[in-house]
Amino acid sequence: MKLTITDDAMAYMKKRLAGANAYLLTANDGSNNFSEGAGGACTVGDAFQVVGVSKAPSDYDVKLENNQDADVLTSKNDMTFFGPGLKLDFKNNFLQLKDDSEIIDGQVTTNNQVDK
């Protein structure tokens with residue numbers, strides 16, 4: 001799958017996730033080890049995050065081709081929420097994840113796990 005990352009979004013990610021060798025695009029709904037929110041049934045497919053890591057865990061094995069030449073990965077589980085035209089943008093001081101059909105999450109969070 002192809003992911004378009006705007007220049008503003010990439011600059012924000014590099015600033016907030018300093019030192020990351022890879023970025024994980026994943027849910028923030030309590031369904032994985034990186035979820036910081038409480039999560040639950042009402043947030044499934046609604047809350048996402050970009051996690052900066054030194055090395056991607058083995059269950060994040062789906063590489064998202066992108067225009068920024070960044071190492072962006074996701075899991076097979078997370079792929080179910082993404083459609084054609086996937087785009088990560090920076091609007092109103094937040095990362096925004098959308099695809100051709102809708103805004104998936106207008107307030108994508110960041111989570112720096114480098115050296116943790």
# chains A, B, ... in the order shown; residues from 1 in each chain; ligands from 1
>>> select_by_dssp(residues="stretch 8-95 of chain A", states="helix (DSSP H, G or I)", output="PyMOL selection string")
chain A and resi 8-16+41-43+76-79
>>> write_last_selection(atoms="N, CA, C and O atoms", output="PDB file, in the first residue's frame")
ATOM      1  N   ASP A   8       5.057  18.839   5.623  1.00  0.00           N
ATOM      2  CA  ASP A   8       4.791  19.337   6.976  1.00  0.00           C
ATOM      3  C   ASP A   8       4.637  18.193   7.973  1.00  0.00           C
ATOM      4  O   ASP A   8       5.127  18.266   9.103  1.00  0.00           O
ATOM      5  N   ALA A   9       3.971  17.120   7.564  1.00  0.00           N
ATOM      6  CA  ALA A   9       3.803  15.965   8.451  1.00  0.00           C
ATOM      7  C   ALA A   9       5.150  15.307   8.731  1.00  0.00           C
ATOM      8  O   ALA A   9       5.447  14.947   9.877  1.00  0.00           O
ATOM      9  N   MET A  10       5.997  15.178   7.705  1.00  0.00           N
ATOM     10  CA  MET A  10       7.304  14.550   7.903  1.00  0.00           C
ATOM     11  C   MET A  10       8.177  15.393   8.821  1.00  0.00           C
ATOM     12  O   MET A  10       8.866  14.856   9.700  1.00  0.00           O
ATOM     13  N   ALA A  11       8.146  16.702   8.653  1.00  0.00           N
ATOM     14  CA  ALA A  11       8.937  17.590   9.523  1.00  0.00           C
ATOM     15  C   ALA A  11       8.479  17.451  10.976  1.00  0.00           C
ATOM     16  O   ALA A  11       9.310  17.398  11.899  1.00  0.00           O
ATOM     17  N   TYR A  12       7.177  17.382  11.195  1.00  0.00           N
ATOM     18  CA  TYR A  12       6.634  17.218  12.547  1.00  0.00           C
ATOM     19  C   TYR A  12       7.064  15.879  13.142  1.00  0.00           C
ATOM     20  O   TYR A  12       7.468  15.808  14.303  1.00  0.00           O
ATOM     21  N   MET A  13       6.993  14.822  12.358  1.00  0.00           N
ATOM     22  CA  MET A  13       7.384  13.496  12.837  1.00  0.00           C
ATOM     23  C   MET A  13       8.869  13.469  13.212  1.00  0.00           C
ATOM     24  O   MET A  13       9.238  12.931  14.258  1.00  0.00           O
ATOM     25  N   LYS A  14       9.708  14.054  12.380  1.00  0.00           N
ATOM     26  CA  LYS A  14      11.144  14.064  12.672  1.00  0.00           C
ATOM     27  C   LYS A  14      11.440  14.847  13.956  1.00  0.00           C
ATOM     28  O   LYS A  14      12.312  14.462  14.738  1.00  0.00           O
ATOM     29  N   LYS A  15      10.701  15.919  14.178  1.00  0.00           N
ATOM     30  CA  LYS A  15      10.898  16.728  15.384  1.00  0.00           C
ATOM     31  C   LYS A  15      10.407  15.998  16.632  1.00  0.00           C
ATOM     32  O   LYS A  15      11.102  15.919  17.637  1.00  0.00           O
ATOM     33  N   ARG A  16       9.195  15.440  16.566  1.00  0.00           N
ATOM     34  CA  ARG A  16       8.586  14.782  17.732  1.00  0.00           C
ATOM     35  C   ARG A  16       9.164  13.400  18.020  1.00  0.00           C
ATOM     36  O   ARG A  16       9.119  12.945  19.155  1.00  0.00           O
ATOM     37  N   ALA A  41     -13.871  -0.704  22.919  1.00  0.00           N
ATOM     38  CA  ALA A  41     -14.664  -0.961  21.724  1.00  0.00           C
ATOM     39  C   ALA A  41     -15.023   0.313  20.954  1.00  0.00           C
ATOM     40  O   ALA A  41     -15.089   0.299  19.733  1.00  0.00           O
ATOM     41  N   CYS A  42     -15.235   1.412  21.655  1.00  0.00           N
ATOM     42  CA  CYS A  42     -15.656   2.636  20.968  1.00  0.00           C
ATOM     43  C   CYS A  42     -14.520   3.312  20.206  1.00  0.00           C
ATOM     44  O   CYS A  42     -14.773   4.197  19.401  1.00  0.00           O
ATOM     45  N   THR A  43     -13.260   2.923  20.436  1.00  0.00           N
ATOM     46  CA  THR A  43     -12.144   3.558  19.736  1.00  0.00           C
ATOM     47  C   THR A  43     -11.524   2.677  18.654  1.00  0.00           C
ATOM     48  O   THR A  43     -10.600   3.106  17.981  1.00  0.00           O
ATOM     49  N   LYS A  76      -0.635  -6.214   9.940  1.00  0.00           N
ATOM     50  CA  LYS A  76      -1.750  -6.740   9.141  1.00  0.00           C
ATOM     51  C   LYS A  76      -3.087  -6.343   9.773  1.00  0.00           C
ATOM     52  O   LYS A  76      -4.047  -6.027   9.063  1.00  0.00           O
ATOM     53  N   ASN A  77      -3.162  -6.340  11.096  1.00  0.00           N
ATOM     54  CA  ASN A  77      -4.392  -5.933  11.782  1.00  0.00           C
ATOM     55  C   ASN A  77      -4.762  -4.487  11.462  1.00  0.00           C
ATOM     56  O   ASN A  77      -5.921  -4.181  11.199  1.00  0.00           O
ATOM     57  N   ASP A  78      -3.778  -3.596  11.500  1.00  0.00           N
ATOM     58  CA  ASP A  78      -4.045  -2.183  11.236  1.00  0.00           C
ATOM     59  C   ASP A  78      -4.425  -1.932   9.782  1.00  0.00           C
ATOM     60  O   ASP A  78      -5.174  -0.999   9.482  1.00  0.00           O
ATOM     61  N   MET A  79      -3.936  -2.765   8.871  1.00  0.00           N
ATOM     62  CA  MET A  79      -4.228  -2.596   7.443  1.00  0.00           C
ATOM     63  C   MET A  79      -5.725  -2.633   7.149  1.00  0.00           C
ATOM     64  O   MET A  79      -6.177  -2.035   6.175  1.00  0.00           O
TER      65      MET A  79
END
>>> residues_around(residues="stretch 60-71 of chain A", least_positions_apart="6", cutoff="8 Å", atoms="only C-alpha atoms", output="list in words")
Met1, Lys2, Leu3, Thr4, Ile5, Asp7, Met10, Asn21, Ala22, Tyr23 and Leu24 of chain A
>>> write_last_selection(atoms="all heavy atoms", output="mmCIF file, in the first residue's frame")
data_model
loop_
_atom_site.group_PDB
_atom_site.id
_atom_site.type_symbol
_atom_site.label_atom_id
_atom_site.label_comp_id
_atom_site.auth_asym_id
_atom_site.auth_seq_id
_atom_site.Cartn_x
_atom_site.Cartn_y
_atom_site.Cartn_z
ATOM 1 N N MET A 1 0.846 -1.175 0.000
ATOM 2 C CA MET A 1 0.000 0.000 0.000
ATOM 3 C C MET A 1 0.888 1.232 0.000
ATOM 4 O O MET A 1 1.934 1.261 0.615
ATOM 5 C CB MET A 1 -0.920 -0.003 1.222
ATOM 6 C CG MET A 1 -1.767 1.244 1.335
ATOM 7 S SD MET A 1 -3.037 1.164 2.604
ATOM 8 C CE MET A 1 -4.300 0.343 1.686
ATOM 9 N N LYS A 2 0.414 2.265 -0.663
ATOM 10 C CA LYS A 2 1.133 3.528 -0.776
ATOM 11 C C LYS A 2 0.581 4.531 0.236
ATOM 12 O O LYS A 2 -0.626 4.655 0.421
ATOM 13 C CB LYS A 2 0.961 4.066 -2.199
ATOM 14 C CG LYS A 2 1.510 5.428 -2.416
ATOM 15 C CD LYS A 2 2.834 5.397 -3.072
ATOM 16 C CE LYS A 2 3.218 6.836 -3.391
ATOM 17 N NZ LYS A 2 4.556 7.067 -3.617
ATOM 18 N N LEU A 3 1.483 5.230 0.898
ATOM 19 C CA LEU A 3 1.153 6.276 1.858
ATOM 20 C C LEU A 3 1.793 7.573 1.397
ATOM 21 O O LEU A 3 3.006 7.609 1.158
ATOM 22 C CB LEU A 3 1.673 5.905 3.250
ATOM 23 C CG LEU A 3 1.650 6.990 4.327
ATOM 24 C CD1 LEU A 3 0.217 7.358 4.693
ATOM 25 C CD2 LEU A 3 2.422 6.532 5.555
ATOM 26 N N THR A 4 1.004 8.620 1.259
ATOM 27 C CA THR A 4 1.543 9.933 0.964
ATOM 28 C C THR A 4 1.739 10.658 2.289
ATOM 29 O O THR A 4 0.810 10.726 3.105
ATOM 30 C CB THR A 4 0.592 10.735 0.054
ATOM 31 O OG1 THR A 4 0.423 10.022 -1.175
ATOM 32 C CG2 THR A 4 1.141 12.125 -0.222
ATOM 33 N N ILE A 5 2.946 11.170 2.509
ATOM 34 C CA ILE A 5 3.258 11.941 3.720
ATOM 35 C C ILE A 5 3.623 13.350 3.260
ATOM 36 O O ILE A 5 4.574 13.525 2.493
ATOM 37 C CB ILE A 5 4.435 11.330 4.502
ATOM 38 C CG1 ILE A 5 4.173 9.860 4.825
ATOM 39 C CG2 ILE A 5 4.704 12.137 5.771
ATOM 40 C CD1 ILE A 5 5.383 9.130 5.415
ATOM 41 N N ASP A 7 5.116 17.152 3.381
ATOM 42 C CA ASP A 7 6.374 17.668 3.933
ATOM 43 C C ASP A 7 6.180 18.168 5.366
ATOM 44 O O ASP A 7 7.040 17.936 6.226
ATOM 45 C CB ASP A 7 6.921 18.804 3.061
ATOM 46 C CG ASP A 7 7.403 18.317 1.699
ATOM 47 O OD1 ASP A 7 7.677 17.101 1.541
ATOM 48 O OD2 ASP A 7 7.518 19.161 0.781
ATOM 49 N N MET A 10 5.997 15.178 7.705
ATOM 50 C CA MET A 10 7.304 14.550 7.903
ATOM 51 C C MET A 10 8.177 15.393 8.821
ATOM 52 O O MET A 10 8.866 14.856 9.700
ATOM 53 C CB MET A 10 7.980 14.336 6.542
ATOM 54 C CG MET A 10 9.195 13.436 6.594
ATOM 55 S SD MET A 10 8.718 11.708 6.804
ATOM 56 C CE MET A 10 9.633 11.308 8.284
ATOM 57 N N ASN A 21 14.552 5.339 13.654
ATOM 58 C CA ASN A 21 15.006 4.716 12.414
ATOM 59 C C ASN A 21 13.827 4.242 11.579
ATOM 60 O O ASN A 21 13.969 4.007 10.384
ATOM 61 C CB ASN A 21 15.918 3.523 12.706
ATOM 62 C CG ASN A 21 17.211 3.949 13.350
ATOM 63 O OD1 ASN A 21 17.746 5.008 13.057
ATOM 64 N ND2 ASN A 21 17.712 3.130 14.247
ATOM 65 N N ALA A 22 12.690 4.056 12.233
ATOM 66 C CA ALA A 22 11.477 3.603 11.559
ATOM 67 C C ALA A 22 10.274 4.196 12.278
ATOM 68 O O ALA A 22 10.351 4.576 13.445
ATOM 69 C CB ALA A 22 11.400 2.075 11.561
ATOM 70 N N TYR A 23 9.173 4.255 11.551
ATOM 71 C CA TYR A 23 7.923 4.765 12.092
ATOM 72 C C TYR A 23 6.857 3.682 11.946
ATOM 73 O O TYR A 23 6.732 3.060 10.889
ATOM 74 C CB TYR A 23 7.468 6.017 11.334
ATOM 75 C CG TYR A 23 8.495 7.120 11.335
ATOM 76 C CD1 TYR A 23 9.359 7.287 10.261
ATOM 77 C CD2 TYR A 23 8.601 7.993 12.408
ATOM 78 C CE1 TYR A 23 10.308 8.303 10.257
ATOM 79 C CE2 TYR A 23 9.548 9.011 12.414
ATOM 80 C CZ TYR A 23 10.389 9.162 11.333
ATOM 81 O OH TYR A 23 11.330 10.169 11.337
ATOM 82 N N LEU A 24 6.086 3.479 12.999
ATOM 83 C CA LEU A 24 4.983 2.529 12.957
ATOM 84 C C LEU A 24 3.680 3.311 12.903
ATOM 85 O O LEU A 24 3.458 4.204 13.724
ATOM 86 C CB LEU A 24 4.980 1.646 14.207
ATOM 87 C CG LEU A 24 6.284 0.956 14.583
ATOM 88 C CD1 LEU A 24 6.100 0.138 15.855
ATOM 89 C CD2 LEU A 24 6.809 0.101 13.442
#
>>> atom_distance(atom1="atom CA of A:Gly85", atom2="atom CA of A:Glu102")
9.9 Å
>>> atom_distance(atom1="atom CA of A:Leu88", atom2="atom CA of A:Asn112")
17.4 Å
>>> closest_residue(among="A:Ser31, A:Thr26, A:Ser54, A:Thr109", to="A:Phe82", atoms="only C-alpha atoms")
A:Thr26
>>> select_by_dssp(residues="chain A", states="strand (DSSP E or B)", output="MDAnalysis selection string")
chainID A and resid 2:5 22:27 48:53 62:63 65:66 72:74 86:91 94:99 102:112
>>> residues_around(residues="stretch 94-100 of chain A", least_positions_apart="3", cutoff="8 Å", atoms="only C-alpha atoms", output="list in words")
Ala9, Phe82, Gly83, Pro84, Gly85, Leu86, Lys87, Leu88, Asp89, Phe90, Lys91, Ile103, Ile104, Asp105, Gly106, Gln107, Val108 and Thr109 of chain A
>>> write_last_selection(atoms="N, CA, C and O atoms", output="compact mmCIF listing (two decimals), in the first residue's frame")
# COMPACT_ATOMS: atom_id res chain seq x y z
N ALA A 9 3.97 17.12 7.56
CA ALA A 9 3.80 15.97 8.45
C ALA A 9 5.15 15.31 8.73
O ALA A 9 5.45 14.95 9.88
N PHE A 82 -7.27 0.85 6.58
CA PHE A 82 -6.73 1.76 5.58
C PHE A 82 -7.24 1.42 4.18
O PHE A 82 -7.23 0.26 3.78
N GLY A 83 -7.63 2.46 3.45
CA GLY A 83 -8.09 2.29 2.08
C GLY A 83 -7.17 2.99 1.09
O GLY A 83 -6.16 3.58 1.48
N PRO A 84 -7.52 2.94 -0.18
CA PRO A 84 -6.72 3.61 -1.21
C PRO A 84 -6.62 5.10 -0.93
O PRO A 84 -7.53 5.71 -0.37
N GLY A 85 -5.50 5.69 -1.34
CA GLY A 85 -5.29 7.11 -1.16
C GLY A 85 -4.88 7.49 0.25
O GLY A 85 -5.10 8.62 0.68
N LEU A 86 -4.23 6.57 0.96
CA LEU A 86 -3.83 6.83 2.35
C LEU A 86 -2.86 8.00 2.40
O LEU A 86 -1.88 8.06 1.65
N LYS A 87 -3.15 8.94 3.31
CA LYS A 87 -2.34 10.16 3.39
C LYS A 87 -2.19 10.59 4.84
O LYS A 87 -3.15 10.57 5.62
N LEU A 88 -0.98 11.00 5.19
CA LEU A 88 -0.68 11.57 6.51
C LEU A 88 -0.30 13.03 6.29
O LEU A 88 0.65 13.33 5.57
N ASP A 89 -1.09 13.91 6.89
CA ASP A 89 -0.92 15.35 6.70
C ASP A 89 -0.77 16.01 8.06
O ASP A 89 -0.94 15.36 9.10
N PHE A 90 -0.44 17.28 8.07
CA PHE A 90 -0.32 18.04 9.31
C PHE A 90 -1.23 19.25 9.20
O PHE A 90 -0.99 20.15 8.39
N LYS A 91 -2.32 19.25 9.96
CA LYS A 91 -3.31 20.33 9.92
C LYS A 91 -3.69 20.72 11.34
O LYS A 91 -3.87 19.85 12.20
N ILE A 103 -11.77 10.99 6.55
CA ILE A 103 -10.73 11.24 7.54
C ILE A 103 -10.79 10.08 8.52
O ILE A 103 -11.84 9.81 9.10
N ILE A 104 -9.70 9.40 8.68
CA ILE A 104 -9.65 8.25 9.58
C ILE A 104 -9.43 8.72 11.01
O ILE A 104 -10.07 8.26 11.94
N ASP A 105 -8.48 9.66 11.19
CA ASP A 105 -8.21 10.23 12.51
C ASP A 105 -7.65 11.63 12.30
O ASP A 105 -6.59 11.79 11.68
N GLY A 106 -8.32 12.63 12.83
CA GLY A 106 -7.90 14.02 12.68
C GLY A 106 -6.91 14.47 13.73
O GLY A 106 -6.40 15.58 13.67
N GLN A 107 -6.62 13.61 14.72
CA GLN A 107 -5.68 13.96 15.78
C GLN A 107 -4.79 12.75 16.10
O GLN A 107 -4.80 12.22 17.21
N VAL A 108 -4.01 12.36 15.11
CA VAL A 108 -3.07 11.24 15.28
C VAL A 108 -1.99 11.67 16.28
O VAL A 108 -1.42 12.75 16.16
N THR A 109 -1.74 10.84 17.27
CA THR A 109 -0.73 11.15 18.28
C THR A 109 0.63 10.60 17.87
O THR A 109 0.74 9.82 16.93
>>> closest_residue(among="A:Ala20, A:Leu25, A:Leu73, A:Val114", to="A:Gln49", atoms="only C-alpha atoms")
A:Leu25
>>> atom_distance(atom1="atom CA of A:Gly19", atom2="atom CA of A:Phe81")
27.8 Å
>>> closest_residue(among="A:Asn92, A:Ser101, A:Thr74, A:Leu17", to="A:Gly52", atoms="only C-alpha atoms")
A:Leu17
>>> closest_residue(among="A:Ala18, A:Ala27, A:Thr6, A:Thr80", to="A:Val53", atoms="only C-alpha atoms")
A:Ala18
>>> decode(residues="stretch 61-107 of chain A", atoms="N, CA and C atoms", output="short mmCIF file (atom, residue, chain, number, x, y, z; two decimals), in the first residue's frame")
data_model
loop_
_atom_site.label_atom_id
_atom_site.label_comp_id
_atom_site.auth_asym_id
_atom_site.auth_seq_id
_atom_site.Cartn_x
_atom_site.Cartn_y
_atom_site.Cartn_z
N ASP A 61 5.17 -5.86 10.00
CA ASP A 61 5.92 -6.35 8.85
C ASP A 61 5.34 -5.90 7.51
N VAL A 62 4.40 -4.98 7.53
CA VAL A 62 3.83 -4.45 6.29
C VAL A 62 4.46 -3.08 6.03
N LYS A 63 5.28 -3.01 4.99
CA LYS A 63 5.95 -1.75 4.66
C LYS A 63 5.02 -0.89 3.82
N LEU A 64 4.87 0.36 4.22
CA LEU A 64 4.06 1.31 3.48
C LEU A 64 4.98 2.14 2.59
N GLU A 65 4.87 1.92 1.28
CA GLU A 65 5.64 2.74 0.34
C GLU A 65 5.21 4.18 0.55
N ASN A 66 6.18 5.10 0.47
CA ASN A 66 5.81 6.49 0.66
C ASN A 66 6.72 7.42 -0.12
N ASN A 67 6.30 8.64 -0.27
CA ASN A 67 7.01 9.65 -1.05
C ASN A 67 8.14 10.32 -0.29
N GLN A 68 8.33 10.03 0.99
CA GLN A 68 9.36 10.67 1.81
C GLN A 68 10.58 9.76 2.00
N ASP A 69 10.57 8.59 1.42
CA ASP A 69 11.66 7.62 1.57
C ASP A 69 11.90 7.30 3.05
N ALA A 70 10.83 7.27 3.81
CA ALA A 70 10.90 6.95 5.23
C ALA A 70 10.52 5.49 5.42
N ASP A 71 11.07 4.86 6.44
CA ASP A 71 10.75 3.48 6.77
C ASP A 71 9.48 3.50 7.63
N VAL A 72 8.32 3.31 6.99
CA VAL A 72 7.03 3.34 7.68
C VAL A 72 6.41 1.95 7.57
N LEU A 73 6.07 1.39 8.72
CA LEU A 73 5.52 0.04 8.76
C LEU A 73 4.21 0.03 9.53
N THR A 74 3.43 -1.00 9.26
CA THR A 74 2.20 -1.21 10.00
C THR A 74 1.99 -2.71 10.15
N SER A 75 0.94 -3.08 10.85
CA SER A 75 0.64 -4.50 11.04
C SER A 75 -0.50 -4.93 10.12
N LYS A 76 -0.64 -6.21 9.94
CA LYS A 76 -1.75 -6.74 9.14
C LYS A 76 -3.09 -6.34 9.77
N ASN A 77 -3.16 -6.34 11.10
CA ASN A 77 -4.39 -5.93 11.78
C ASN A 77 -4.76 -4.49 11.46
N ASP A 78 -3.78 -3.60 11.50
CA ASP A 78 -4.05 -2.18 11.24
C ASP A 78 -4.43 -1.93 9.78
N MET A 79 -3.94 -2.77 8.87
CA MET A 79 -4.23 -2.60 7.44
C MET A 79 -5.73 -2.63 7.15
N THR A 80 -6.49 -3.31 8.00
CA THR A 80 -7.94 -3.41 7.74
C THR A 80 -8.64 -2.06 7.78
N PHE A 81 -8.02 -1.06 8.39
CA PHE A 81 -8.64 0.26 8.52
C PHE A 81 -8.24 1.23 7.42
N PHE A 82 -7.27 0.85 6.58
CA PHE A 82 -6.73 1.76 5.58
C PHE A 82 -7.24 1.42 4.18
N GLY A 83 -7.63 2.46 3.45
CA GLY A 83 -8.09 2.29 2.08
C GLY A 83 -7.17 2.99 1.09
N PRO A 84 -7.52 2.94 -0.18
CA PRO A 84 -6.72 3.61 -1.21
C PRO A 84 -6.62 5.10 -0.93
N GLY A 85 -5.50 5.69 -1.34
CA GLY A 85 -5.29 7.11 -1.16
C GLY A 85 -4.88 7.49 0.25
N LEU A 86 -4.23 6.57 0.96
CA LEU A 86 -3.83 6.83 2.35
C LEU A 86 -2.86 8.00 2.40
N LYS A 87 -3.15 8.94 3.31
CA LYS A 87 -2.34 10.16 3.39
C LYS A 87 -2.19 10.59 4.84
N LEU A 88 -0.98 11.00 5.19
CA LEU A 88 -0.68 11.57 6.51
C LEU A 88 -0.30 13.03 6.29
N ASP A 89 -1.09 13.91 6.89
CA ASP A 89 -0.92 15.35 6.70
C ASP A 89 -0.77 16.01 8.06
N PHE A 90 -0.44 17.28 8.07
CA PHE A 90 -0.32 18.04 9.31
C PHE A 90 -1.23 19.25 9.20
N LYS A 91 -2.32 19.25 9.96
CA LYS A 91 -3.31 20.33 9.92
C LYS A 91 -3.69 20.72 11.34
N ASN A 92 -3.82 22.01 11.59
CA ASN A 92 -4.28 22.52 12.90
C ASN A 92 -3.46 21.96 14.06
N ASN A 93 -2.15 21.86 13.84
CA ASN A 93 -1.20 21.40 14.85
C ASN A 93 -1.35 19.93 15.22
N PHE A 94 -1.96 19.14 14.35
CA PHE A 94 -2.10 17.69 14.56
C PHE A 94 -1.79 16.95 13.28
N LEU A 95 -1.26 15.73 13.43
CA LEU A 95 -1.19 14.83 12.29
C LEU A 95 -2.61 14.39 11.97
N GLN A 96 -2.89 14.25 10.68
CA GLN A 96 -4.22 13.85 10.23
C GLN A 96 -4.06 12.68 9.26
N LEU A 97 -4.76 11.59 9.53
CA LEU A 97 -4.71 10.40 8.69
C LEU A 97 -6.03 10.28 7.93
N LYS A 98 -5.93 10.15 6.61
CA LYS A 98 -7.15 10.02 5.81
C LYS A 98 -6.87 9.13 4.61
N ASP A 99 -7.94 8.70 3.98
CA ASP A 99 -7.83 8.00 2.71
C ASP A 99 -8.88 8.58 1.77
N ASP A 100 -9.06 7.97 0.61
CA ASP A 100 -9.98 8.54 -0.38
C ASP A 100 -11.42 8.62 0.12
N SER A 101 -11.79 7.82 1.09
CA SER A 101 -13.19 7.80 1.51
C SER A 101 -13.50 8.68 2.72
N GLU A 102 -12.49 9.00 3.55
CA GLU A 102 -12.81 9.73 4.78
C GLU A 102 -11.57 10.15 5.54
N ILE A 103 -11.77 10.99 6.55
CA ILE A 103 -10.73 11.24 7.54
C ILE A 103 -10.79 10.08 8.52
N ILE A 104 -9.70 9.40 8.68
CA ILE A 104 -9.65 8.25 9.58
C ILE A 104 -9.43 8.72 11.01
N ASP A 105 -8.48 9.66 11.19
CA ASP A 105 -8.21 10.23 12.51
C ASP A 105 -7.65 11.63 12.30
N GLY A 106 -8.32 12.63 12.83
CA GLY A 106 -7.90 14.02 12.68
C GLY A 106 -6.91 14.47 13.73
N GLN A 107 -6.62 13.61 14.72
CA GLN A 107 -5.68 13.96 15.78
C GLN A 107 -4.79 12.75 16.10
#
